[in-house]
Amino acid sequence: MSRFVINARGVNYRDLNARVKAAAEAGNEAIVLRNVHGQRYIGTSLRKPVKVDVYGTPGNDLGAFMDGPTVEVHGNAQDGLGNTMNSGEIVVHGSAGDILAMAMRGGRVFVEGDVGYRCAIHLKEYGAKVPVIVIGGGAQDFFGEYMAGGRVVLLGLNGEKLGANFIGTGMHGGVIFIRGRVDPDQLGKEVGLAEPDESDRAFLAEVVQAYGRHFRRDAGRVLEDGFVKLYPRFLRPYGRLYAQ
């Protein structure tokens, strides 16, 4: 496998992204970025089946509009990761910031630790494109806000009680699975609670096992605990605003 290494120390984000795209266009199958320190837009609009390893802390909008690559972050990530991502996979060996996967349309995101506010906002799906997000830790307020599709799994492996409020506010598509219990008062009024069915449990087994492979966790032990399923109670929660 051809492998291209870039030292990102002190490199402007525009120059760094130009180098990444050039390396992908040249046919390199693996690109390694070392000493990344807040550079934005890494992997944005990449449309090659390339593996990108990021060592350090990338800036906002990592993998935005990405279509096909695999990006692995060996550290934490900032806000907007996976923004409007179309396909591919992002794996974060750490935590991530706010608005993770905003308007994400396809592919998968795995975060080992916690995420910030408004994770999965405006997540959507179409046909066979169903985005998946798996978060190992906890989340902040407005988790799953305005979701229109996709599947989101919150494992809560940090041992803390889920502190997020307004979960699923405005949700009108997709589904959220939360390991453990959630207080109904923490949910947006558009969200219903249910037990996962057989197909849900099969999906959870598959993605939790994938999480376990990425982060060396015992998926079997994680799956021993119960999950709750959050679903939208209304398909058009704000339709009355536009009624004549």
# chains A, B, ... in the order shown; residues from 1 in each chain; ligands from 1
call {"tool": "residues_around", "arguments": {"residues": "Ser95 in chain A", "least_positions_apart": "5", "cutoff": "7 Å", "atoms": "only C-alpha atoms", "output": "PyMOL selection string"}}
result
chain A and resi 76-77+111-115
call {"tool": "write_last_selection", "arguments": {"atoms": "N, CA and C atoms", "output": "PDB file, in the first residue's frame"}}
result
ATOM      1  N   ASN A  76      -8.298  13.992  20.111  1.00  0.00           N
ATOM      2  CA  ASN A  76      -9.624  14.615  20.130  1.00  0.00           C
ATOM      3  C   ASN A  76      -9.885  15.361  18.824  1.00  0.00           C
ATOM      4  N   ALA A  77     -11.156  15.707  18.605  1.00  0.00           N
ATOM      5  CA  ALA A  77     -11.539  16.487  17.429  1.00  0.00           C
ATOM      6  C   ALA A  77     -12.405  17.659  17.876  1.00  0.00           C
ATOM      7  N   VAL A 111     -17.045   7.676  17.856  1.00  0.00           N
ATOM      8  CA  VAL A 111     -16.303   8.523  18.792  1.00  0.00           C
ATOM      9  C   VAL A 111     -16.111   7.735  20.082  1.00  0.00           C
ATOM     10  N   GLU A 112     -14.871   7.586  20.490  1.00  0.00           N
ATOM     11  CA  GLU A 112     -14.591   6.785  21.683  1.00  0.00           C
ATOM     12  C   GLU A 112     -15.139   7.435  22.949  1.00  0.00           C
ATOM     13  N   GLY A 113     -15.020   8.755  23.060  1.00  0.00           N
ATOM     14  CA  GLY A 113     -15.392   9.450  24.287  1.00  0.00           C
ATOM     15  C   GLY A 113     -16.695  10.222  24.176  1.00  0.00           C
ATOM     16  N   ASP A 114     -16.660  11.471  24.650  1.00  0.00           N
ATOM     17  CA  ASP A 114     -17.863  12.301  24.734  1.00  0.00           C
ATOM     18  C   ASP A 114     -18.005  13.190  23.496  1.00  0.00           C
ATOM     19  N   VAL A 115     -19.213  13.748  23.343  1.00  0.00           N
ATOM     20  CA  VAL A 115     -19.461  14.761  22.317  1.00  0.00           C
ATOM     21  C   VAL A 115     -20.120  15.968  22.982  1.00  0.00           C
TER      22      VAL A 115
END
call {"tool": "select_by_dssp", "arguments": {"residues": "range 25-236 of chain A", "states": "strand (DSSP E or B)", "output": "VMD selection string"}}
result
chain A and resid 30 to 37 51 to 57 67 to 74 87 to 92 108 to 111 126 129 132 to 135 148 to 154 167 173 to 179 187 191 to 194 227 to 232
call {"tool": "closest_atom_pairs", "arguments": {"of": "range 95-206 of chain A", "to": "range 50-65 of chain A", "cutoff": "12 Å", "atoms": "only C-alpha atoms", "output": "tab-separated table"}}
result
residue	atom	partner	partner_atom	distance
A:Ser95	CA	A:Thr57	CA	10.3
A:Ala96	CA	A:Thr57	CA	9.9
A:Gly97	CA	A:Asn60	CA	8.7
A:Asp98	CA	A:Asn60	CA	9.5
A:Ile99	CA	A:Asp61	CA	9.6
A:Leu100	CA	A:Asp61	CA	8.7
A:Ala101	CA	A:Ala64	CA	8.6
A:Met102	CA	A:Ala64	CA	9.3
A:Ala103	CA	A:Phe65	CA	9.8
A:Met104	CA	A:Phe65	CA	8.4
A:Arg105	CA	A:Phe65	CA	9.1
A:Gly106	CA	A:Phe65	CA	10.1
A:Gly107	CA	A:Phe65	CA	10.9
A:Arg108	CA	A:Gly63	CA	11.4
A:Val109	CA	A:Gly63	CA	10.3
call {"tool": "residues_around", "arguments": {"residues": "Glu206 in chain A", "least_positions_apart": "5", "cutoff": "12 Å", "atoms": "only C-alpha atoms", "output": "VMD selection string"}}
result
chain A and resid 132 134 153 199 to 201 211 to 213 219 to 220 223
call {"tool": "write_last_selection", "arguments": {"atoms": "N, CA and C atoms", "output": "tab-separated table (two decimals), in the first residue's frame"}}
result
chain	number	residue	atom	x	y	z
A	132	VAL	N	-24.85	6.58	10.35
A	132	VAL	CA	-24.78	5.94	11.67
A	132	VAL	C	-23.73	6.66	12.50
A	134	VAL	N	-21.98	6.38	16.45
A	134	VAL	CA	-21.85	5.64	17.71
A	134	VAL	C	-20.91	6.42	18.62
A	153	VAL	N	-26.34	6.09	18.31
A	153	VAL	CA	-26.22	5.22	19.48
A	153	VAL	C	-25.34	5.92	20.51
A	199	SER	N	-35.05	-6.37	15.27
A	199	SER	CA	-34.18	-5.77	14.26
A	199	SER	C	-33.29	-4.69	14.87
A	200	ASP	N	-33.82	-3.96	15.85
A	200	ASP	CA	-33.01	-2.96	16.55
A	200	ASP	C	-31.85	-3.62	17.29
A	201	ARG	N	-32.14	-4.73	17.95
A	201	ARG	CA	-31.10	-5.42	18.71
A	201	ARG	C	-30.01	-5.97	17.78
A	211	TYR	N	-17.69	-0.78	17.23
A	211	TYR	CA	-17.10	0.13	18.21
A	211	TYR	C	-16.02	-0.60	19.02
A	212	GLY	N	-16.33	-1.82	19.44
A	212	GLY	CA	-15.38	-2.60	20.22
A	212	GLY	C	-14.09	-2.88	19.47
A	213	ARG	N	-14.22	-3.14	18.17
A	213	ARG	CA	-13.01	-3.39	17.37
A	213	ARG	C	-12.16	-2.13	17.24
A	219	ALA	N	-17.43	-5.72	23.51
A	219	ALA	CA	-18.78	-5.42	23.04
A	219	ALA	C	-19.83	-6.26	23.77
A	220	GLY	N	-19.47	-7.50	24.08
A	220	GLY	CA	-20.43	-8.36	24.76
A	220	GLY	C	-20.88	-7.79	26.09
A	223	LEU	N	-23.24	-4.84	25.53
A	223	LEU	CA	-24.57	-5.25	25.07
A	223	LEU	C	-25.39	-5.94	26.16
call {"tool": "closest_residue", "arguments": {"among": "A:Gly136, A:Gly173, A:Gly188, A:Gly156", "to": "Val91 in chain A", "atoms": "only C-alpha atoms"}}
result
A:Gly136
call {"tool": "residues_around", "arguments": {"residues": "Leu235 in chain A", "least_positions_apart": "5", "cutoff": "10 Å", "atoms": "only C-alpha atoms", "output": "list in words"}}
result
Ala148, Gly170, Met171, His172, Gly173 and Glu190 of chain A
call {"tool": "write_last_selection", "arguments": {"atoms": "C-alpha atoms", "output": "compact mmCIF listing (two decimals), in the first residue's frame"}}
result
# COMPACT_ATOMS: atom_id res chain seq x y z
CA ALA A 148 -34.79 13.71 9.94
CA GLY A 170 -37.84 18.81 16.67
CA MET A 171 -37.01 15.22 15.72
CA HIS A 172 -39.13 13.97 12.81
CA GLY A 173 -37.15 11.00 11.46
CA GLU A 190 -41.65 15.33 19.81
call {"tool": "residues_around", "arguments": {"residues": "Gly192 in chain A", "least_positions_apart": "5", "cutoff": "6 Å", "atoms": "only C-alpha atoms", "output": "short mmCIF file (atom, residue, chain, number, x, y, z; two decimals) with N, CA and C atoms, in the first residue's frame"}}
result
data_model
loop_
_atom_site.label_atom_id
_atom_site.label_comp_id
_atom_site.auth_asym_id
_atom_site.auth_seq_id
_atom_site.Cartn_x
_atom_site.Cartn_y
_atom_site.Cartn_z
N LEU A 230 -35.46 5.88 21.18
CA LEU A 230 -36.16 7.15 21.04
C LEU A 230 -36.58 7.31 19.58
N TYR A 231 -37.83 7.61 19.37
CA TYR A 231 -38.35 7.72 18.01
C TYR A 231 -39.22 8.97 17.89
N ARG A 233 -42.43 11.09 17.36
CA ARG A 233 -43.87 10.88 17.48
C ARG A 233 -44.65 11.52 16.33
#
call {"tool": "residues_around", "arguments": {"residues": "range 6-13 of chain A", "least_positions_apart": "3", "cutoff": "6 Å", "atoms": "only C-alpha atoms", "output": "PyMOL selection string"}}
result
chain A and resi 16+33-36+39-40
call {"tool": "write_last_selection", "arguments": {"atoms": "C-alpha atoms", "output": "PDB file, in the first residue's frame"}}
result
ATOM      1  CA  LEU A  16      -2.327  21.350   4.339  1.00  0.00           C
ATOM      2  CA  LEU A  33      -0.767  13.647   8.995  1.00  0.00           C
ATOM      3  CA  ARG A  34       1.554  14.284  11.928  1.00  0.00           C
ATOM      4  CA  ASN A  35       1.660  17.251  14.330  1.00  0.00           C
ATOM      5  CA  VAL A  36      -1.829  18.477  13.439  1.00  0.00           C
ATOM      6  CA  GLN A  39      -6.065  22.979  11.097  1.00  0.00           C
ATOM      7  CA  ARG A  40      -9.611  23.088   9.749  1.00  0.00           C
TER       8      ARG A  40
END
call {"tool": "residues_around", "arguments": {"residues": "Arg151 in chain A", "least_positions_apart": "2", "cutoff": "9 Å", "atoms": "only C-alpha atoms", "output": "ChimeraX atom specification"}}
result
/A:123,130-134,149,153,174-177
call {"tool": "atom_distance", "arguments": {"atom1": "CA of Gly80 in chain A", "atom2": "CA of Ile178 in chain A"}}
result
21.8 Å
call {"tool": "closest_residue", "arguments": {"among": "A:Val222, A:Ile135, A:Ala210, A:Leu162", "to": "Val92 in chain A", "atoms": "only C-alpha atoms"}}
result
A:Ile135
call {"tool": "closest_residue", "arguments": {"among": "A:Lys229, A:Lys21, A:His93, A:His214", "to": "Gly168 in chain A", "atoms": "only C-alpha atoms"}}
result
A:Lys229
call {"tool": "atom_distance", "arguments": {"atom1": "CA of Asp183 in chain A", "atom2": "CA of Arg118 in chain A"}}
result
18.4 Å
